[in-house]
file target20.csv (CSV, C-alpha atoms and all ligand atoms)
chain,number,residue,atom,x,y,z
A,1,MET,CA,9.4,-22.6,14.4
A,2,VAL,CA,9.1,-21.4,10.8
A,3,ILE,CA,5.9,-20.1,9.4
A,4,LEU,CA,5.0,-19.4,5.8
A,5,ALA,CA,2.2,-16.9,5.3
A,6,ILE,CA,0.1,-16.0,2.3
A,7,GLU,CA,-1.9,-12.8,1.8
A,8,THR,CA,-4.2,-12.1,-1.1
A,9,SER,CA,-7.2,-10.1,0.3
A,10,CYS,CA,-7.0,-7.1,-2.0
A,11,ASP,CA,-4.5,-5.9,-4.6
A,12,GLU,CA,-1.2,-7.1,-3.1
A,13,THR,CA,0.0,-10.6,-3.6
A,14,ALA,CA,2.3,-11.4,-0.6
A,15,ILE,CA,4.2,-14.3,0.8
A,16,ALA,CA,6.4,-14.2,3.8
A,17,ILE,CA,8.5,-16.6,5.8
A,18,ILE,CA,9.3,-15.9,9.5
A,19,GLU,CA,11.0,-17.7,12.3
A,20,ALA,CA,9.6,-17.4,15.8
A,21,ARG,CA,11.6,-18.4,18.9
A,22,LYS,CA,10.0,-18.4,22.3
A,23,GLU,CA,12.2,-16.8,25.0
A,24,LYS,CA,11.6,-15.8,28.6
A,25,SER,CA,11.3,-12.2,27.7
A,26,GLY,CA,8.9,-12.9,24.9
A,27,THR,CA,8.9,-14.2,21.4
A,28,ASP,CA,11.8,-13.2,19.0
A,29,PHE,CA,10.7,-13.0,15.4
A,30,LYS,CA,13.0,-13.0,12.4
A,31,ILE,CA,11.7,-12.2,8.9
A,32,LEU,CA,13.4,-14.6,6.5
A,33,SER,CA,11.6,-13.2,3.5
A,34,ASN,CA,8.8,-10.7,2.9
A,35,GLN,CA,7.7,-10.8,-0.8
A,36,ILE,CA,5.1,-8.4,-2.1
A,37,ALA,CA,3.9,-8.0,-5.7
A,38,SER,CA,1.8,-4.8,-6.0
A,39,GLN,CA,-1.0,-4.6,-8.6
A,40,ILE,CA,-1.4,-0.8,-8.3
A,41,LYS,CA,-0.5,-0.1,-11.9
A,42,ILE,CA,-3.0,-2.7,-13.1
A,43,HIS,CA,-5.9,-1.3,-11.2
A,44,ALA,CA,-5.0,2.4,-11.4
A,45,PRO,CA,-6.7,3.1,-14.8
A,46,PHE,CA,-10.0,1.8,-13.2
A,47,GLY,CA,-9.6,4.1,-10.2
A,48,GLY,CA,-10.0,1.2,-7.8
A,49,VAL,CA,-9.4,-2.5,-7.4
A,50,VAL,CA,-11.2,-4.8,-9.9
A,51,PRO,CA,-11.8,-8.1,-8.1
A,52,ASN,CA,-11.4,-10.4,-11.1
A,53,LEU,CA,-8.3,-8.7,-12.3
A,54,ALA,CA,-6.9,-9.1,-8.8
A,55,LYS,CA,-7.7,-12.8,-8.8
A,56,ARG,CA,-6.0,-13.3,-12.2
A,57,GLU,CA,-2.8,-11.5,-11.0
A,58,HIS,CA,-2.7,-13.4,-7.6
A,59,ILE,CA,-2.9,-16.7,-9.5
A,60,LYS,CA,0.0,-15.6,-11.7
A,61,ASN,CA,2.1,-14.1,-8.9
A,62,LEU,CA,1.7,-16.8,-6.1
A,63,PRO,CA,4.1,-19.5,-7.5
A,64,ILE,CA,6.6,-16.9,-8.4
A,65,LEU,CA,6.6,-15.3,-5.0
A,66,LEU,CA,6.7,-18.7,-3.3
A,67,TYR,CA,9.8,-19.6,-5.2
A,68,ARG,CA,11.5,-16.2,-4.4
A,69,ALA,CA,10.5,-16.5,-0.7
A,70,LEU,CA,11.9,-20.0,-0.3
A,71,LYS,CA,15.0,-19.0,-2.1
A,72,GLU,CA,15.6,-15.9,0.0
A,73,ALA,CA,14.9,-17.8,3.2
A,74,LYS,CA,17.5,-20.4,2.0
A,75,LEU,CA,15.0,-23.2,2.2
A,76,ILE,CA,15.7,-24.4,-1.3
A,77,PRO,CA,19.1,-24.9,-2.8
A,78,ILE,CA,20.1,-22.2,-5.3
A,79,SER,CA,21.8,-23.9,-8.2
A,80,LYS,CA,22.6,-22.6,-11.6
A,81,GLN,CA,20.3,-25.3,-13.0
A,82,GLU,CA,17.4,-24.1,-10.8
A,83,SER,CA,17.7,-20.5,-11.8
A,84,LYS,CA,17.6,-21.6,-15.5
A,85,ASN,CA,14.6,-23.8,-14.9
A,86,SER,CA,11.5,-21.7,-15.7
A,87,ASN,CA,8.9,-24.1,-14.4
A,88,GLN,CA,8.8,-23.1,-10.7
A,89,ASN,CA,5.7,-25.2,-10.0
A,90,GLN,CA,7.6,-28.4,-10.6
A,91,LYS,CA,10.1,-27.6,-7.9
A,92,LEU,CA,7.4,-27.0,-5.3
A,93,SER,CA,6.8,-30.7,-5.1
A,94,THR,CA,10.4,-31.5,-3.9
A,95,LYS,CA,11.1,-32.4,-0.3
A,96,ASN,CA,13.1,-29.4,0.7
A,97,TYR,CA,10.5,-27.7,2.8
A,98,LYS,CA,10.7,-29.8,6.0
A,99,LEU,CA,11.8,-26.7,7.8
A,100,ILE,CA,8.4,-25.1,7.5
A,101,ASP,CA,6.2,-25.9,10.5
A,102,ALA,CA,3.0,-24.2,9.6
A,103,ILE,CA,1.2,-22.2,6.9
A,104,ALA,CA,-0.9,-19.1,7.7
A,105,VAL,CA,-3.4,-17.6,5.2
A,106,THR,CA,-5.7,-14.6,5.2
A,107,TYR,CA,-9.3,-15.8,4.9
A,108,GLY,CA,-11.1,-12.5,5.3
A,109,PRO,CA,-12.1,-9.8,5.2
A,110,GLY,CA,-11.5,-8.7,1.6
A,111,LEU,CA,-12.5,-9.5,-1.9
A,112,GLU,CA,-13.7,-13.1,-2.0
A,113,PRO,CA,-12.4,-14.0,-5.5
A,114,ALA,CA,-9.0,-12.7,-4.4
A,115,LEU,CA,-9.1,-14.4,-0.9
A,116,TRP,CA,-9.9,-17.8,-2.5
A,117,THR,CA,-6.7,-17.7,-4.6
A,118,GLY,CA,-4.6,-17.5,-1.5
A,119,ILE,CA,-6.7,-20.1,0.4
A,120,ASN,CA,-6.5,-22.6,-2.4
A,121,PHE,CA,-2.8,-22.2,-2.8
A,122,ALA,CA,-2.2,-22.5,0.9
A,123,ARG,CA,-4.4,-25.6,1.2
A,124,GLU,CA,-2.5,-27.3,-1.5
A,125,LEU,CA,0.9,-26.5,0.1
A,126,ALA,CA,-0.3,-27.6,3.5
A,127,LYS,CA,-1.4,-30.9,2.1
A,128,LYS,CA,1.7,-31.4,0.1
A,129,TRP,CA,4.1,-30.5,3.0
A,130,ARG,CA,1.9,-32.1,5.6
A,131,VAL,CA,1.8,-29.1,7.9
A,132,PRO,CA,-1.1,-27.4,9.8
A,133,LEU,CA,-2.9,-24.5,8.1
A,134,ALA,CA,-3.9,-21.5,10.3
A,135,PRO,CA,-6.5,-19.2,8.8
A,136,VAL,CA,-5.9,-15.5,9.9
A,137,ASN,CA,-8.1,-12.5,9.9
A,138,HIS,CA,-6.4,-9.8,7.8
A,139,LEU,CA,-7.2,-7.2,10.5
A,140,GLU,CA,-5.4,-9.1,13.2
A,141,GLY,CA,-2.4,-9.0,10.9
A,142,HIS,CA,-2.7,-5.1,10.9
A,143,ILE,CA,-2.9,-5.2,14.8
A,144,TYR,CA,0.4,-7.2,15.1
A,145,SER,CA,2.1,-5.0,12.5
A,146,ALA,CA,2.6,-2.2,15.1
A,147,PHE,CA,5.1,-4.5,16.9
A,148,MET,CA,7.2,-5.2,13.8
A,149,ARG,CA,10.6,-3.5,13.6
A,150,GLY,CA,13.0,-4.3,10.7
A,151,ALA,CA,13.9,-7.9,10.1
A,152,GLN,CA,14.1,-8.8,13.8
A,153,PHE,CA,11.8,-7.9,16.7
A,154,SER,CA,10.3,-9.2,19.9
A,155,ILE,CA,6.8,-9.4,21.2
A,156,PRO,CA,6.5,-9.6,25.0
A,157,PRO,CA,4.9,-12.5,26.8
A,158,PRO,CA,1.2,-12.1,27.8
A,159,SER,CA,1.3,-13.8,31.2
A,160,PRO,CA,1.7,-11.4,34.2
A,161,ARG,CA,4.5,-13.4,35.8
A,162,LEU,CA,6.6,-13.4,32.7
A,163,ARG,CA,5.7,-9.9,31.8
A,164,ARG,CA,7.7,-8.6,34.8
A,165,ALA,CA,10.8,-10.0,33.1
A,166,SER,CA,10.3,-7.4,30.4
A,167,ASN,CA,9.6,-3.8,31.1
A,168,PHE,CA,7.1,-3.6,28.3
A,169,GLN,CA,3.5,-4.6,28.9
A,170,MET,CA,1.4,-5.2,25.9
A,171,PHE,CA,-2.1,-5.8,27.2
A,172,PRO,CA,-4.7,-4.3,27.4
A,173,LEU,CA,-3.9,-3.2,23.9
A,174,LEU,CA,-5.9,-0.5,22.1
A,175,THR,CA,-5.5,-0.5,18.3
A,176,LEU,CA,-6.8,2.0,15.8
A,177,ILE,CA,-7.1,0.1,12.5
A,178,VAL,CA,-7.3,2.5,9.6
A,179,SER,CA,-7.2,1.0,6.1
A,180,GLY,CA,-8.9,1.3,2.7
A,181,GLY,CA,-11.8,-1.0,3.8
A,182,HIS,CA,-11.9,-0.5,7.6
A,183,THR,CA,-11.8,2.0,10.4
A,184,GLU,CA,-12.1,0.2,13.8
A,185,MET,CA,-11.1,0.8,17.4
A,186,VAL,CA,-10.2,-2.6,18.9
A,187,LEU,CA,-9.4,-3.6,22.4
A,188,SER,CA,-7.4,-6.8,23.1
A,189,LYS,CA,-6.9,-8.2,26.6
A,190,LYS,CA,-4.7,-11.1,25.4
A,191,HIS,CA,-3.6,-12.6,22.2
A,192,LEU,CA,-6.3,-13.4,19.7
A,193,ASN,CA,-8.9,-11.6,21.8
A,194,TYR,CA,-10.6,-8.7,20.0
A,195,LYS,CA,-13.4,-6.4,21.2
A,196,ILE,CA,-14.6,-3.9,18.7
A,197,LEU,CA,-15.2,-0.7,20.6
A,198,GLY,CA,-16.2,1.4,17.6
A,199,GLU,CA,-16.2,1.3,13.8
A,200,THR,CA,-17.1,3.4,10.8
A,201,LEU,CA,-20.8,3.6,10.0
A,202,ASP,CA,-20.1,4.3,6.3
A,203,ASP,CA,-16.8,5.0,4.5
A,204,ALA,CA,-13.5,3.9,5.9
A,205,ALA,CA,-10.8,6.5,6.4
A,206,GLY,CA,-8.6,5.3,3.5
A,207,GLU,CA,-11.7,5.1,1.3
A,208,ALA,CA,-12.4,8.8,2.0
A,209,PHE,CA,-8.8,9.6,1.2
A,210,ASP,CA,-9.1,7.7,-2.1
A,211,LYS,CA,-12.4,9.4,-3.0
A,212,VAL,CA,-11.1,12.9,-2.2
A,213,ALA,CA,-8.0,12.1,-4.3
A,214,ARG,CA,-10.3,11.4,-7.2
A,215,MET,CA,-12.2,14.7,-6.7
A,216,LEU,CA,-8.8,16.5,-6.7
A,217,GLU,CA,-7.8,14.5,-9.9
A,218,LEU,CA,-4.8,13.0,-8.2
A,219,GLY,CA,-5.0,9.3,-9.1
A,220,TYR,CA,-5.1,6.0,-7.2
A,221,PRO,CA,-4.4,5.0,-4.4
A,222,GLY,CA,-5.2,8.5,-3.1
A,223,GLY,CA,-4.0,8.5,0.5
A,224,PRO,CA,-0.3,9.1,-0.2
A,225,LEU,CA,-1.1,11.6,-3.0
A,226,VAL,CA,-3.5,13.7,-0.9
A,227,SER,CA,-1.1,13.7,2.0
A,228,LYS,CA,1.8,14.8,-0.2
A,229,LEU,CA,-0.3,17.7,-1.6
A,230,ALA,CA,-1.4,18.6,1.9
A,231,LEU,CA,2.1,19.4,2.8
A,232,LYS,CA,1.9,22.5,0.6
A,233,GLY,CA,-1.5,23.6,1.9
A,234,ASN,CA,-3.0,25.4,4.9
A,235,PRO,CA,-4.9,22.9,7.1
A,236,ASN,CA,-7.0,25.7,8.6
A,237,ALA,CA,-8.0,27.2,5.3
A,238,ILE,CA,-11.4,25.4,5.1
A,239,ASN,CA,-13.4,24.4,8.1
A,240,PHE,CA,-14.6,21.0,6.9
A,241,PRO,CA,-16.9,19.1,9.3
A,242,ARG,CA,-15.5,16.6,11.8
A,243,PRO,CA,-18.3,14.0,11.8
A,244,MET,CA,-19.2,12.4,15.1
A,245,ILE,CA,-16.2,14.0,16.9
A,246,HIS,CA,-18.4,14.8,19.9
A,247,SER,CA,-20.6,11.7,19.8
A,248,LYS,CA,-20.6,9.6,23.0
A,249,ASP,CA,-19.7,6.4,21.3
A,250,LEU,CA,-16.4,5.4,19.6
A,251,ASN,CA,-17.9,5.1,16.1
A,252,PHE,CA,-16.8,7.0,13.0
A,253,SER,CA,-18.4,8.4,9.9
A,254,PHE,CA,-16.5,9.9,6.9
A,255,SER,CA,-19.1,10.0,4.2
A,256,GLY,CA,-20.5,13.5,5.2
A,257,LEU,CA,-16.9,14.9,5.2
A,258,LYS,CA,-16.3,13.5,1.8
A,259,THR,CA,-19.6,15.0,0.5
A,260,SER,CA,-18.6,18.4,2.0
A,261,VAL,CA,-15.4,18.3,0.0
A,262,LEU,CA,-17.4,17.5,-3.1
A,263,TYR,CA,-19.8,20.4,-2.6
A,264,TYR,CA,-16.9,22.8,-1.8
A,265,ILE,CA,-15.2,21.8,-5.1
A,266,ARG,CA,-18.5,22.1,-7.1
A,267,GLU,CA,-19.1,25.6,-5.8
A,268,LEU,CA,-15.5,26.8,-6.6
A,269,PRO,CA,-15.0,28.7,-9.8
A,270,GLN,CA,-13.0,26.5,-12.2
A,271,THR,CA,-10.2,29.1,-12.2
A,272,LYS,CA,-9.7,28.7,-8.5
A,273,PHE,CA,-9.7,24.9,-8.4
A,274,TRP,CA,-6.1,24.5,-9.1
A,275,ALA,CA,-5.0,27.2,-6.7
A,276,MET,CA,-7.1,25.7,-3.9
A,277,LYS,CA,-6.2,22.1,-4.3
A,278,THR,CA,-3.4,22.1,-1.7
A,279,ASP,CA,-5.6,23.8,0.9
A,280,ILE,CA,-8.5,21.4,0.2
A,281,ALA,CA,-6.1,18.4,0.7
A,282,ALA,CA,-4.6,19.9,3.9
A,283,SER,CA,-8.0,20.9,5.4
A,284,PHE,CA,-9.5,17.5,4.6
A,285,GLU,CA,-6.5,15.6,6.0
A,286,LYS,CA,-6.7,17.6,9.2
A,287,ALA,CA,-10.4,16.9,9.6
A,288,VAL,CA,-9.8,13.1,9.3
A,289,VAL,CA,-6.9,13.2,11.6
A,290,ASP,CA,-8.7,15.3,14.2
A,291,VAL,CA,-11.5,12.8,14.4
A,292,LEU,CA,-9.2,9.7,14.5
A,293,VAL,CA,-7.1,11.2,17.3
A,294,LYS,CA,-10.0,12.5,19.4
A,295,LYS,CA,-11.7,9.1,19.3
A,296,THR,CA,-8.5,7.4,20.2
A,297,LEU,CA,-8.1,9.7,23.2
A,298,ASP,CA,-11.7,9.0,24.2
A,299,ALA,CA,-11.0,5.3,24.1
A,300,VAL,CA,-7.8,5.7,26.1
A,301,LYS,CA,-9.8,7.6,28.8
A,302,ILE,CA,-12.4,4.9,29.1
A,303,TYR,CA,-10.3,1.7,28.7
A,304,LYS,CA,-6.9,2.8,30.1
A,305,PRO,CA,-4.8,0.5,27.8
A,306,ARG,CA,-1.2,-0.2,28.5
A,307,THR,CA,-0.4,0.0,24.8
A,308,VAL,CA,-1.9,2.2,22.1
A,309,ALA,CA,-1.1,1.1,18.5
A,310,ILE,CA,-2.1,1.9,15.0
A,311,GLY,CA,-2.4,-0.4,12.0
A,312,GLY,CA,-3.4,-0.3,8.3
A,313,GLY,CA,-2.6,1.7,5.2
A,314,VAL,CA,-3.6,5.1,6.6
A,315,GLY,CA,-1.1,4.4,9.4
A,316,ALA,CA,1.5,5.7,6.9
A,317,ASN,CA,0.0,9.2,7.2
A,318,ASN,CA,2.6,11.5,8.7
A,319,LEU,CA,0.1,13.9,10.3
A,320,LEU,CA,-1.8,11.0,12.0
A,321,ARG,CA,1.4,9.4,13.1
A,322,SER,CA,2.8,12.5,14.7
A,323,GLU,CA,-0.4,13.6,16.4
A,324,LEU,CA,-1.1,10.1,17.8
A,325,VAL,CA,2.5,9.8,19.2
A,326,LYS,CA,2.3,13.2,20.7
A,327,LYS,CA,-1.1,12.7,22.3
A,328,THR,CA,-1.2,9.0,23.1
A,329,GLY,CA,2.4,7.7,22.9
A,330,ALA,CA,1.1,5.3,20.3
A,331,LEU,CA,3.2,2.5,18.9
A,332,LEU,CA,3.6,3.0,15.2
A,333,PRO,CA,4.3,0.3,12.6
A,334,GLU,CA,7.3,0.9,10.4
A,335,LYS,CA,6.0,2.4,7.1
A,336,LYS,CA,6.9,-0.7,5.2
A,337,PHE,CA,4.5,-2.7,7.4
A,338,THR,CA,1.5,-0.3,7.3
A,339,GLY,CA,0.2,-1.5,4.0
A,340,ASP,CA,-0.8,-5.1,3.2
A,341,ASN,CA,2.0,-7.6,3.7
A,342,ALA,CA,2.3,-11.3,4.6
A,343,ALA,CA,4.8,-10.9,7.4
A,344,MET,CA,2.1,-9.5,9.6
A,345,ILE,CA,-0.1,-12.5,8.7
A,346,ALA,CA,2.7,-14.8,9.7
A,347,VAL,CA,3.1,-13.1,13.1
A,348,ALA,CA,-0.7,-13.4,13.7
A,349,GLY,CA,-0.5,-17.0,12.4
A,350,TYR,CA,2.1,-17.8,15.0
A,351,TYR,CA,-0.3,-17.0,17.8
A,352,ARG,CA,-3.0,-19.0,16.1
A,353,PHE,CA,-0.5,-21.9,15.8
A,354,LEU,CA,0.2,-21.7,19.6
A,355,ALA,CA,-3.6,-21.8,20.2
A,356,LYS,CA,-3.9,-24.7,17.8
A,357,LYS,CA,-6.5,-22.8,15.8
A,358,PHE,CA,-6.1,-24.8,12.6
A,359,ASN,CA,-8.5,-25.5,9.7
A,360,LYS,CA,-7.6,-27.6,6.7
A,361,ASN,CA,-10.4,-26.2,4.6
A,362,PRO,CA,-11.0,-22.5,5.5
A,363,LYS,CA,-13.6,-20.6,3.4
A,364,ALA,CA,-13.1,-17.1,2.2
A,365,GLU,CA,-15.2,-14.7,4.3
A,366,GLY,CA,-15.4,-11.3,2.6
A,367,ASN,CA,-17.1,-9.6,5.6
A,368,LEU,CA,-15.3,-11.5,8.4
A,369,LYS,CA,-15.4,-9.6,11.7
A,370,LEU,CA,-12.6,-9.5,14.2
A,371,SER,CA,-15.0,-10.3,17.0
A,372,LYS,CA,-15.9,-13.6,15.1
A,373,THR,CA,-12.3,-14.6,14.6
B,1,LIG,O1,-4.2,-1.5,4.7
B,1,LIG,P1,-4.2,-1.2,3.3
B,1,LIG,O2,-2.9,-1.2,2.5
B,1,LIG,O3,-5.2,-2.0,2.5
B,1,LIG,C1,-6.5,-2.4,3.0
B,1,LIG,O4,-6.5,-3.4,3.7
B,1,LIG,O5,-7.4,-1.6,2.7
B,1,LIG,O6,-4.8,0.3,3.1
B,1,LIG,C2,-4.9,1.0,1.9
B,1,LIG,C3,-5.4,2.4,2.2
B,1,LIG,C4,-5.8,3.2,0.9
B,1,LIG,O7,-7.1,3.7,1.0
B,1,LIG,C5,-4.7,4.3,0.8
B,1,LIG,O8,-5.2,5.4,0.2
B,1,LIG,C6,-4.5,4.5,2.3
B,1,LIG,O9,-4.5,3.2,2.9
B,1,LIG,N1,-3.2,5.2,2.5
B,1,LIG,C7,-3.1,6.5,3.1
B,1,LIG,C8,-1.7,6.8,3.1
B,1,LIG,N2,-1.0,5.7,2.5
B,1,LIG,C9,-1.9,4.7,2.2
B,1,LIG,N3,-4.0,7.3,3.6
B,1,LIG,C10,-3.5,8.5,4.0
B,1,LIG,N4,-2.3,8.8,4.1
B,1,LIG,C11,-1.3,8.0,3.6
B,1,LIG,N5,0.0,8.4,3.6
B,2,ZN,ZN,-5.1,-4.1,4.9

call {"tool": "encode", "arguments": {"input": "target20.csv", "output": "structure tokens"}}
result
Amino acid sequence: MVILAIETSCDETAIAIIEARKEKSGTDFKILSNQIASQIKIHAPFGGVVPNLAKREHIKNLPILLYRALKEAKLIPISKQESKNSNQNQKLSTKNYKLIDAIAVTYGPGLEPALWTGINFARELAKKWRVPLAPVNHLEGHIYSAFMRGAQFSIPPPSPRLRRASNFQMFPLLTLIVSGGHTEMVLSKKHLNYKILGETLDDAAGEAFDKVARMLELGYPGGPLVSKLALKGNPNAINFPRPMIHSKDLNFSFSGLKTSVLYYIRELPQTKFWAMKTDIAASFEKAVVDVLVKKTLDAVKIYKPRTVAIGGGVGANNLLRSELVKKTGALLPEKKFTGDNAAMIAVAGYYRFLAKKFNKNPKAEGNLKLSKT
């Protein structure tokens, strides 16, 4: 079956088309197109995402990306006439989309004005093409992203009998989701089953990276910039706190760490700020990674998962990736799938489609929880 997915929860407009084929050894996925339009340059001058600007850009980008995705997936004929035709919207009403079996769309969590653009667009398409619409939680997309490899990959079957056919056992699956808006430890016993074992009590890990980047005058989004600077610094130079590292639960807190960095910078003589930037970045990054890895190890000890995975934008962080692999054998998403994309929404949408979890009129839910999904 072929699924078209739409993702507009934050500052990336994304549309993907994937093909899923059920085999004995699992489901084989093929990404036919994975289109992303990033709005980073538009939001960068504001130091963060501006919801109404994001909404305006999504509305502008969606028809363009849809056209590109259908064309790349070879679901519309590519004629000279078509490429000359500038009104892509007109062509969307033609009958060439019979090959699409379902549409998946992110309905939360995220910025509601942004989410609504994707939902409205998806609803119209589902109606026009007469296909079911499967609403997907953005975070379940990040969970499935750990299994995505290149343009073709397989996900093993969940049932024990079939599982033996493949040597890879997926469940119980423990996923550390670390993004700009979320830091959650999630346990799944089967597809579409999510138990939140722990979460951040204040800032998300990515948010802390973004705020520290601002303090270091690096720009937005901060994660990749802090981590690049950290390569040149000494991670043991400053002993920043590791909040909640020894707490008995699996919750996180990054706001105190962020404030410590702020106080450290404030107390530094201006002349030393530039020289210390690399050490501050490296010591901060090490503090975040130490907490994330320790909590993952704690969760592994308690829940004994068969698979440990990581998902979300901070999953692109090299120190976190290498430490998690070394200590837990975690499954890492390819870097191109750590950030927001629609291919991961399509994969999660496939499992929603199998479970017949459709809704013609989903509503945007900015604070949607995985446990409610
Ligand atoms: O998952 P994502 O693309 O969007 C959300 O759903 O939030 O995550 C974006 C977050 C940003 O906070 C960004 O600074 C962070 O991921 N990030 C990183 C790295 N690359 C992106 N944080 C640390 N190290 C990185 N290499
Ligand atoms: Zn995300």

call {"tool": "closest_atom_pairs", "arguments": {"input": "target20.csv", "of": "chain A", "to": "ligand LIG 1 (chain B)", "cutoff": "7 Å", "atoms": "only C-alpha atoms and all ligand atoms", "output": "JSON lines"}}
result
{"residue": "A:Cys10", "atom": "CA", "partner": "B:LIG1", "partner_atom": "O4", "distance": 6.8}
{"residue": "A:Ser179", "atom": "CA", "partner": "B:LIG1", "partner_atom": "O6", "distance": 3.9}
{"residue": "A:Gly180", "atom": "CA", "partner": "B:LIG1", "partner_atom": "O5", "distance": 3.3}
{"residue": "A:Gly181", "atom": "CA", "partner": "B:LIG1", "partner_atom": "O5", "distance": 4.6}
{"residue": "A:His182", "atom": "CA", "partner": "B:LIG1", "partner_atom": "O5", "distance": 6.7}
{"residue": "A:Gly206", "atom": "CA", "partner": "B:LIG1", "partner_atom": "O7", "distance": 3.3}
{"residue": "A:Glu207", "atom": "CA", "partner": "B:LIG1", "partner_atom": "O7", "distance": 4.8}
{"residue": "A:Phe209", "atom": "CA", "partner": "B:LIG1", "partner_atom": "O8", "distance": 5.6}
{"residue": "A:Asp210", "atom": "CA", "partner": "B:LIG1", "partner_atom": "O8", "distance": 5.1}
{"residue": "A:Pro221", "atom": "CA", "partner": "B:LIG1", "partner_atom": "O8", "distance": 4.7}
{"residue": "A:Gly222", "atom": "CA", "partner": "B:LIG1", "partner_atom": "O8", "distance": 4.5}
{"residue": "A:Gly223", "atom": "CA", "partner": "B:LIG1", "partner_atom": "N3", "distance": 3.3}
{"residue": "A:Pro224", "atom": "CA", "partner": "B:LIG1", "partner_atom": "N5", "distance": 3.9}
{"residue": "A:Ser227", "atom": "CA", "partner": "B:LIG1", "partner_atom": "N4", "distance": 5.5}
{"residue": "A:Gly312", "atom": "CA", "partner": "B:LIG1", "partner_atom": "O1", "distance": 3.9}
{"residue": "A:Gly313", "atom": "CA", "partner": "B:LIG1", "partner_atom": "O9", "distance": 3.3}
{"residue": "A:Val314", "atom": "CA", "partner": "B:LIG1", "partner_atom": "N3", "distance": 3.7}
{"residue": "A:Gly315", "atom": "CA", "partner": "B:LIG1", "partner_atom": "C8", "distance": 6.8}
{"residue": "A:Ala316", "atom": "CA", "partner": "B:LIG1", "partner_atom": "N5", "distance": 4.5}
{"residue": "A:Asn317", "atom": "CA", "partner": "B:LIG1", "partner_atom": "N5", "distance": 3.7}
{"residue": "A:Asn318", "atom": "CA", "partner": "B:LIG1", "partner_atom": "N5", "distance": 6.5}
{"residue": "A:Thr338", "atom": "CA", "partner": "B:LIG1", "partner_atom": "O1", "distance": 6.4}
{"residue": "A:Gly339", "atom": "CA", "partner": "B:LIG1", "partner_atom": "O2", "distance": 3.5}
{"residue": "A:Asp340", "atom": "CA", "partner": "B:LIG1", "partner_atom": "O2", "distance": 4.5}

call {"tool": "atom_distance", "arguments": {"input": "target20.csv", "atom1": "atom CA of A:Thr175", "atom2": "atom CA of A:Val308"}}
result
5.9 Å

call {"tool": "closest_residue", "arguments": {"input": "target20.csv", "among": "A:Gly150, A:Pro305, A:Pro269, A:Gly311", "to": "ligand ZN 2 (chain B)", "atoms": "only C-alpha atoms and all ligand atoms"}}
result
A:Gly311

call {"tool": "closest_residue", "arguments": {"input": "target20.csv", "among": "A:Ala151, A:Ile17, A:Ile177, A:Leu297", "to": "ligand ZN 2 (chain B)", "atoms": "all atoms listed in the file"}}
result
A:Ile177

call {"tool": "residues_around", "arguments": {"input": "target20.csv", "residues": "A:Lys22", "least_positions_apart": "4", "cutoff": "10 Å", "atoms": "all atoms listed in the file", "output": "ChimeraX atom specification"}}
result
/A:1,26-29,154-157

call {"tool": "closest_residue", "arguments": {"input": "target20.csv", "among": "A:Leu62, A:Leu331, A:Ala237, A:Leu139", "to": "ligand ZN 2 (chain B)", "atoms": "only C-alpha atoms and all ligand atoms"}}
result
A:Leu139

call {"tool": "residues_around", "arguments": {"input": "target20.csv", "residues": "A:Ser322", "least_positions_apart": "3", "cutoff": "12 Å", "atoms": "all atoms listed in the file", "output": "JSON, numbers by chain"}}
result
{"A": [289, 290, 293, 310, 315, 316, 317, 318, 319, 325, 326, 327, 328, 329, 330, 331, 332]}

call {"tool": "write_last_selection", "arguments": {"input": "target20.csv", "atoms": "C-alpha atoms", "output": "PDB file, in the frame of the given file"}}
result
ATOM      1  CA  VAL A 289      -6.900  13.200  11.600  1.00  0.00           C
ATOM      2  CA  ASP A 290      -8.700  15.300  14.200  1.00  0.00           C
ATOM      3  CA  VAL A 293      -7.100  11.200  17.300  1.00  0.00           C
ATOM      4  CA  ILE A 310      -2.100   1.900  15.000  1.00  0.00           C
ATOM      5  CA  GLY A 315      -1.100   4.400   9.400  1.00  0.00           C
ATOM      6  CA  ALA A 316       1.500   5.700   6.900  1.00  0.00           C
ATOM      7  CA  ASN A 317       0.000   9.200   7.200  1.00  0.00           C
ATOM      8  CA  ASN A 318       2.600  11.500   8.700  1.00  0.00           C
ATOM      9  CA  LEU A 319       0.100  13.900  10.300  1.00  0.00           C
ATOM     10  CA  VAL A 325       2.500   9.800  19.200  1.00  0.00           C
ATOM     11  CA  LYS A 326       2.300  13.200  20.700  1.00  0.00           C
ATOM     12  CA  LYS A 327      -1.100  12.700  22.300  1.00  0.00           C
ATOM     13  CA  THR A 328      -1.200   9.000  23.100  1.00  0.00           C
ATOM     14  CA  GLY A 329       2.400   7.700  22.900  1.00  0.00           C
ATOM     15  CA  ALA A 330       1.100   5.300  20.300  1.00  0.00           C
ATOM     16  CA  LEU A 331       3.200   2.500  18.900  1.00  0.00           C
ATOM     17  CA  LEU A 332       3.600   3.000  15.200  1.00  0.00           C
TER      18      LEU A 332
END

call {"tool": "atom_distance", "arguments": {"input": "target20.csv", "atom1": "atom CA of A:Ile6", "atom2": "atom CA of A:Ile119"}}
result
8.2 Å

call {"tool": "residues_around", "arguments": {"input": "target20.csv", "residues": "stretch 246-253 of chain A", "least_positions_apart": "2", "cutoff": "7 Å", "atoms": "only C-alpha atoms", "output": "NGL selection string"}}
result
:A and (197-203 or 243-244 or 255 or 295)

call {"tool": "atom_distance", "arguments": {"input": "target20.csv", "atom1": "atom CA of A:Ala104", "atom2": "atom CA of A:Gln169"}}
result
26.1 Å

call {"tool": "closest_atom_pairs", "arguments": {"input": "target20.csv", "of": "stretch 184-266 of chain A", "to": "stretch 141-148 of chain A", "cutoff": "10 Å", "atoms": "all atoms listed in the file", "output": "JSON lines"}}
result
{"residue": "A:Val186", "atom": "CA", "partner": "A:Ile143", "partner_atom": "CA", "distance": 8.8}
{"residue": "A:Ser188", "atom": "CA", "partner": "A:Ile143", "partner_atom": "CA", "distance": 9.6}
{"residue": "A:His191", "atom": "CA", "partner": "A:Tyr144", "partner_atom": "CA", "distance": 9.8}
{"residue": "A:Tyr194", "atom": "CA", "partner": "A:Ile143", "partner_atom": "CA", "distance": 9.9}
